[in-house]
$ cat structure-v3.txt   # compact mmCIF, C-alpha atoms and all ligand atoms
# COMPACT_ATOMS: atom_id res chain seq x y z
CA MET L 1 63.94 24.66 16.53
CA PHE L 2 61.77 21.85 15.24
CA ASP L 3 61.97 19.31 12.46
CA ILE L 4 59.30 17.63 10.37
CA GLU L 5 59.17 13.88 9.66
CA HIS L 6 56.70 11.43 8.19
CA GLN L 7 54.34 9.80 10.67
CA ARG L 8 55.27 6.27 11.70
CA PRO L 9 53.23 3.69 13.65
CA GLU L 10 55.21 4.35 16.84
CA HIS L 11 54.02 7.99 16.81
CA ALA L 12 50.33 6.98 17.04
CA ALA L 13 49.87 7.31 20.81
CA ALA L 14 51.54 10.74 21.01
CA ILE L 15 49.54 11.97 18.00
CA ASP L 16 46.29 10.78 19.58
CA ALA L 17 47.13 12.53 22.86
CA LEU L 18 47.92 15.77 20.99
CA LEU L 19 44.65 15.61 19.02
CA ASP L 20 42.62 14.90 22.18
CA LEU L 21 44.28 17.86 23.88
CA SER L 22 43.76 20.16 20.88
CA PHE L 23 40.21 19.24 19.84
CA GLY L 24 38.67 17.51 22.86
CA PRO L 25 36.23 14.62 22.71
CA GLY L 26 34.12 16.40 20.03
CA ARG L 27 36.74 15.66 17.40
CA TYR L 28 34.97 12.54 16.16
CA ALA L 29 31.63 14.35 15.79
CA LYS L 30 32.86 16.84 13.19
CA THR L 31 31.48 16.55 9.66
CA ALA L 32 35.05 16.28 8.28
CA GLN L 33 35.31 13.04 10.27
CA ARG L 34 32.68 11.50 7.93
CA LEU L 35 35.29 11.78 5.16
CA ARG L 36 37.94 10.09 7.32
CA GLU L 37 35.93 7.09 8.56
CA GLY L 38 36.62 4.10 6.34
CA ASN L 39 39.24 6.16 4.50
CA SER L 40 43.04 6.11 4.91
CA ALA L 41 45.30 9.12 5.29
CA VAL L 42 47.96 9.40 2.56
CA PRO L 43 51.15 8.02 4.23
CA GLU L 44 53.45 10.22 2.09
CA LEU L 45 51.46 13.26 3.29
CA SER L 46 51.24 12.45 7.02
CA TYR L 47 53.65 14.44 9.15
CA VAL L 48 54.80 15.00 12.70
CA ALA L 49 56.93 17.80 14.10
CA PHE L 50 59.55 17.09 16.76
CA MET L 51 61.41 19.42 19.06
CA GLY L 52 64.37 18.85 21.37
CA GLU L 53 67.39 16.54 21.39
CA GLY L 54 68.04 13.07 22.86
CA ALA L 55 65.82 12.27 25.83
CA GLU L 56 64.23 15.73 25.57
CA ARG L 57 63.00 15.06 22.04
CA ARG L 58 59.21 15.03 21.79
CA LEU L 59 56.39 15.17 19.30
CA ILE L 60 54.86 18.65 19.17
CA GLY L 61 52.80 18.72 15.98
CA SER L 62 50.80 16.56 13.62
CA LEU L 63 49.24 16.96 10.17
CA THR L 64 47.48 14.53 7.84
CA PHE L 65 45.90 14.70 4.38
CA TRP L 66 43.09 12.41 3.19
CA PRO L 67 42.11 11.42 -0.34
CA VAL L 68 38.68 12.81 -1.24
CA VAL L 69 36.72 13.58 -4.37
CA ILE L 70 35.93 17.30 -4.51
CA GLY L 71 32.85 17.82 -6.63
CA GLY L 72 34.15 15.28 -9.16
CA VAL L 73 37.83 16.27 -8.90
CA PRO L 74 40.18 13.83 -7.11
CA GLY L 75 41.98 15.76 -4.40
CA LEU L 76 42.81 15.97 -0.73
CA MET L 77 41.31 17.10 2.58
CA LEU L 78 43.83 18.71 4.94
CA GLY L 79 43.51 17.98 8.64
CA PRO L 80 43.57 17.52 11.47
CA LEU L 81 46.41 19.96 12.11
CA ALA L 82 47.50 20.40 15.72
CA VAL L 83 50.46 21.88 17.57
CA GLU L 84 51.26 21.51 21.27
CA PRO L 85 49.69 24.51 23.07
CA ALA L 86 52.91 25.78 24.66
CA LEU L 87 54.67 25.84 21.27
CA ARG L 88 52.06 27.54 19.13
CA GLY L 89 52.90 30.73 17.26
CA GLN L 90 56.40 29.57 16.24
CA GLY L 91 55.59 28.55 12.69
CA VAL L 92 55.20 24.80 13.27
CA GLY L 93 51.69 24.67 11.77
CA ILE L 94 52.50 26.82 8.74
CA ASN L 95 55.73 24.92 8.02
CA MET L 96 54.05 21.50 8.22
CA MET L 97 51.37 22.74 5.80
CA ARG L 98 53.94 24.25 3.40
CA ARG L 99 55.82 20.93 3.36
CA GLY L 100 52.59 18.95 2.86
CA LEU L 101 51.24 21.16 0.08
CA ALA L 102 54.58 21.08 -1.76
CA ASP L 103 54.79 17.26 -1.45
CA ALA L 104 51.14 16.92 -2.56
CA LYS L 105 51.82 18.97 -5.67
CA GLU L 106 54.89 16.86 -6.36
CA LEU L 107 52.73 13.73 -6.11
CA GLY L 108 50.36 15.16 -8.70
CA TYR L 109 47.43 16.25 -6.53
CA LYS L 110 45.61 19.25 -7.96
CA LEU L 111 43.16 20.48 -5.33
CA VAL L 112 42.90 20.58 -1.51
CA ILE L 113 39.97 21.46 0.76
CA LEU L 114 39.64 21.84 4.52
CA VAL L 115 37.26 23.10 7.19
CA GLY L 116 38.92 25.78 9.32
CA ASP L 117 39.62 29.43 10.09
CA GLU L 118 40.13 31.41 6.88
CA PRO L 119 42.39 34.06 8.51
CA TYR L 120 44.85 31.29 9.44
CA TYR L 121 44.71 29.09 6.35
CA SER L 122 44.85 32.07 3.97
CA LYS L 123 48.51 32.31 5.09
CA VAL L 124 49.16 29.21 2.95
CA GLY L 125 46.88 30.18 0.09
CA PHE L 126 43.45 28.83 1.08
CA GLY L 127 40.33 30.81 0.27
CA PRO L 128 36.59 30.31 0.78
CA VAL L 129 34.60 28.00 -1.46
CA PRO L 130 31.98 30.15 -3.24
CA PRO L 131 28.42 29.41 -2.06
CA GLY L 132 26.60 26.67 -3.95
CA ARG L 133 29.70 25.01 -5.42
CA LEU L 134 30.46 22.15 -3.03
CA THR L 135 28.64 20.27 -0.26
CA MET L 136 29.97 18.30 2.71
CA PRO L 137 28.42 15.04 3.96
CA GLY L 138 26.86 16.81 6.97
CA PRO L 139 26.42 20.21 8.55
CA VAL L 140 29.31 22.65 8.17
CA ASP L 141 29.73 26.42 8.50
CA LEU L 142 30.26 27.20 4.82
CA ARG L 143 32.43 30.23 5.64
CA ARG L 144 34.93 27.71 7.01
CA LEU L 145 34.95 25.48 3.91
CA LEU L 146 38.17 26.48 2.15
CA PHE L 147 40.08 25.36 -0.94
CA ARG L 148 43.52 25.74 -2.45
CA GLU L 149 44.54 24.87 -5.97
CA LEU L 150 47.83 23.03 -6.50
CA ASP L 151 47.20 23.08 -10.23
CA LEU L 152 45.93 26.38 -11.59
CA GLY L 153 42.32 26.05 -12.76
CA ALA L 154 41.58 22.75 -10.94
CA PHE L 155 38.83 24.33 -8.83
CA GLY L 156 36.96 25.33 -12.01
CA HIS L 157 35.99 21.67 -12.53
CA ALA L 158 34.75 21.08 -8.96
CA HIS L 159 30.97 21.13 -8.52
CA GLY L 160 28.83 19.03 -6.17
CA PRO L 161 29.41 16.79 -3.17
CA ILE L 162 32.73 16.20 -1.45
CA THR L 163 32.98 12.44 -0.94
CA LYS L 164 35.37 9.70 -0.01
CA PRO L 165 37.10 8.10 -3.00
CA LEU L 166 35.63 4.87 -4.31
CA PRO L 167 37.79 1.93 -3.16
CA ALA L 168 40.14 0.99 -5.99
CA ASN L 169 39.72 -2.75 -5.34
CA ASP L 170 36.48 -3.12 -3.46
CA VAL L 171 36.43 -6.90 -2.95
CA SER L 172 32.81 -6.90 -1.75
CA VAL L 173 31.71 -5.24 -5.01
CA HIS L 174 33.64 -7.77 -7.10
CA GLU L 175 32.26 -10.65 -5.02
CA ALA L 176 28.71 -9.32 -5.35
CA ARG L 177 29.14 -9.06 -9.12
CA ALA L 178 30.50 -12.62 -9.31
CA GLU L 179 27.63 -13.98 -7.20
CA HIS L 180 25.06 -12.33 -9.42
CA GLY L 181 26.66 -13.52 -12.64
C1 LIG W 201 45.86 26.25 14.64
C2 LIG W 201 47.23 25.74 15.06
C3 LIG W 201 47.50 24.41 14.37
C4 LIG W 201 48.29 26.76 14.62
O1 LIG W 201 49.57 26.20 14.82
P1 LIG W 201 50.83 27.14 15.09
O2 LIG W 201 52.04 26.31 14.99
O3 LIG W 201 50.62 27.91 16.34
O4 LIG W 201 50.70 28.16 13.87
P2 LIG W 201 51.90 28.97 13.25
O5 LIG W 201 52.90 29.29 14.32
O6 LIG W 201 52.41 28.28 12.06
O7 LIG W 201 51.17 30.29 12.76
C5 LIG W 201 50.94 31.26 13.69
C6 LIG W 201 50.27 32.45 13.04
O8 LIG W 201 48.92 32.10 12.72
C7 LIG W 201 48.03 32.87 13.49
N1 LIG W 201 46.90 32.04 13.88
C8 LIG W 201 46.93 30.90 14.60
N2 LIG W 201 45.68 30.41 14.73
C9 LIG W 201 44.87 31.27 14.07
C10 LIG W 201 43.47 31.31 13.85
N3 LIG W 201 42.67 30.36 14.32
N4 LIG W 201 42.97 32.34 13.12
C11 LIG W 201 43.79 33.30 12.62
N5 LIG W 201 45.12 33.32 12.80
C12 LIG W 201 45.65 32.29 13.52
C13 LIG W 201 48.84 33.36 14.66
O9 LIG W 201 48.28 34.54 15.19
C14 LIG W 201 50.18 33.59 14.01
O10 LIG W 201 50.15 34.78 13.25
P3 LIG W 201 51.50 35.65 13.02
O11 LIG W 201 52.48 34.77 12.33
O12 LIG W 201 51.03 36.78 12.18
O13 LIG W 201 51.94 36.04 14.37
C15 LIG W 201 47.35 25.58 16.59
O14 LIG W 201 46.97 26.78 17.19
C16 LIG W 201 46.47 24.46 17.14
O15 LIG W 201 46.93 23.32 17.25
N6 LIG W 201 45.24 24.77 17.54
C17 LIG W 201 44.31 23.79 18.10
C18 LIG W 201 43.83 22.84 17.04
C19 LIG W 201 43.20 23.56 15.88
O16 LIG W 201 42.38 24.45 16.05
N7 LIG W 201 43.61 23.15 14.67
C20 LIG W 201 43.11 23.71 13.45
C21 LIG W 201 41.81 23.10 13.12
S1 LIG W 201 40.93 24.02 11.92
$ encode --input "structure-v3.txt" --output "structure tokens"
Amino acid sequence: MFDIEHQRPEHAAAIDALLDLSFGPGRYAKTAQRLREGNSAVPELSYVAFMGEGAERRLIGSLTFWPVVIGGVPGLMLGPLAVEPALRGQGVGINMMRRGLADAKELGYKLVILVGDEPYYSKVGFGPVPPGRLTMPGPVDLRRLLFRELDLGAFGHAHGPITKPLPANDVSVHEARAEHG
């Protein structure tokens, strides 16, 4: 059995090792990474899965969600999601996503996107973005660009680029404005 917790700073090294193992060195070259650089994962929607008791207890899964703007609609990007190779196929990935999507809805988020395998993510309600609706900030296989509504009808308002959110308190912008009167 496994349990799911929120990520804490002391989990960082084990999460990094799991992501390196799962995605290899190419993980920073993915287009989705452009939406993570200079962005911050939502702490309330960052999870780890643990298995074992006492000294045997170890981190076996990780999932994060990032704030993004989806063709004008504030929402989330799911990922990366990774589970320790020896423990795949036991529902860890699906359960972390179910928990995250339920918490995201509770927090008021309306729409989630990700880049991944449709046959897997359709298990938690994701489907393909219709051609021509949304663009990513770099090359992506559009068959792998998926969305899921948390609020019925939210996708209907999403058209255009998927971007990072504008910083709420961008000091440099305020300073620039002050300098230029
Ligand atoms: C993808 C991943 C997170 C799945 O985690 P998991 O804990 O093994 O998944 P679950 O046990 O919750 O779900 C398993 C089910 O999904 C299916 N599945 C897993 N990966 C799949 C894929 N890429 N495409 C289609 N189905 C997939 C399994 O066959 C299984 O189906 P079943 O329940 O009908 O037997 C895990 O394999 C992993 O870490 N992979 C490497 C990193 C990665 O690719 N992450 C996703 C990036 S898009």
$ atom_distance --input "structure-v3.txt" --atom1 "atom C9 of ligand LIG 201 (chain W)" --atom2 "atom CA of Thr135 of chain L"
24.3 Å
$ residues_around --input "structure-v3.txt" --residues "segment 141-157 of chain L" --least-positions-apart "2" --cutoff "9 Å" --atoms "only C-alpha atoms" --output "ChimeraX atom specification"
/L:70-73,101-102,104-105,108-118,121-122,124-131,134-136,139,159
$ closest_residue --input "structure-v3.txt" --among "L:Glu106, L:Met51, L:Tyr120, L:Leu45" --to "Leu78 of chain L" --atoms "all atoms listed in the file"
L:Leu45
$ residues_around --input "structure-v3.txt" --residues "Ala82 of chain L" --least-positions-apart "5" --cutoff "7 Å" --atoms "all atoms listed in the file" --output "JSON, numbers by chain"
{"L": [19, 22, 61, 62, 63]}
$ atom_distance --input "structure-v3.txt" --atom1 "atom CA of Gly79 of chain L" --atom2 "atom C21 of ligand LIG 201 (chain W)"
7.0 Å
$ axis_aligned_box --input "structure-v3.txt" --around "ligand LIG 201 (chain W)" --padding-each-side "3 Å" --output "lines of an AutoDock Vina configuration file"
center_x = 46.9
center_y = 29.8
center_z = 15.0
size_x = 18.0
size_y = 19.9
size_z = 12.2
$ closest_residue --input "structure-v3.txt" --among "L:Ala17, L:Leu76, L:Ala49, L:Val140" --to "Ala32 of chain L" --atoms "only C-alpha atoms"
L:Val140
$ atom_distance --input "structure-v3.txt" --atom1 "atom CA of Arg27 of chain L" --atom2 "atom C21 of ligand LIG 201 (chain W)"
10.0 Å
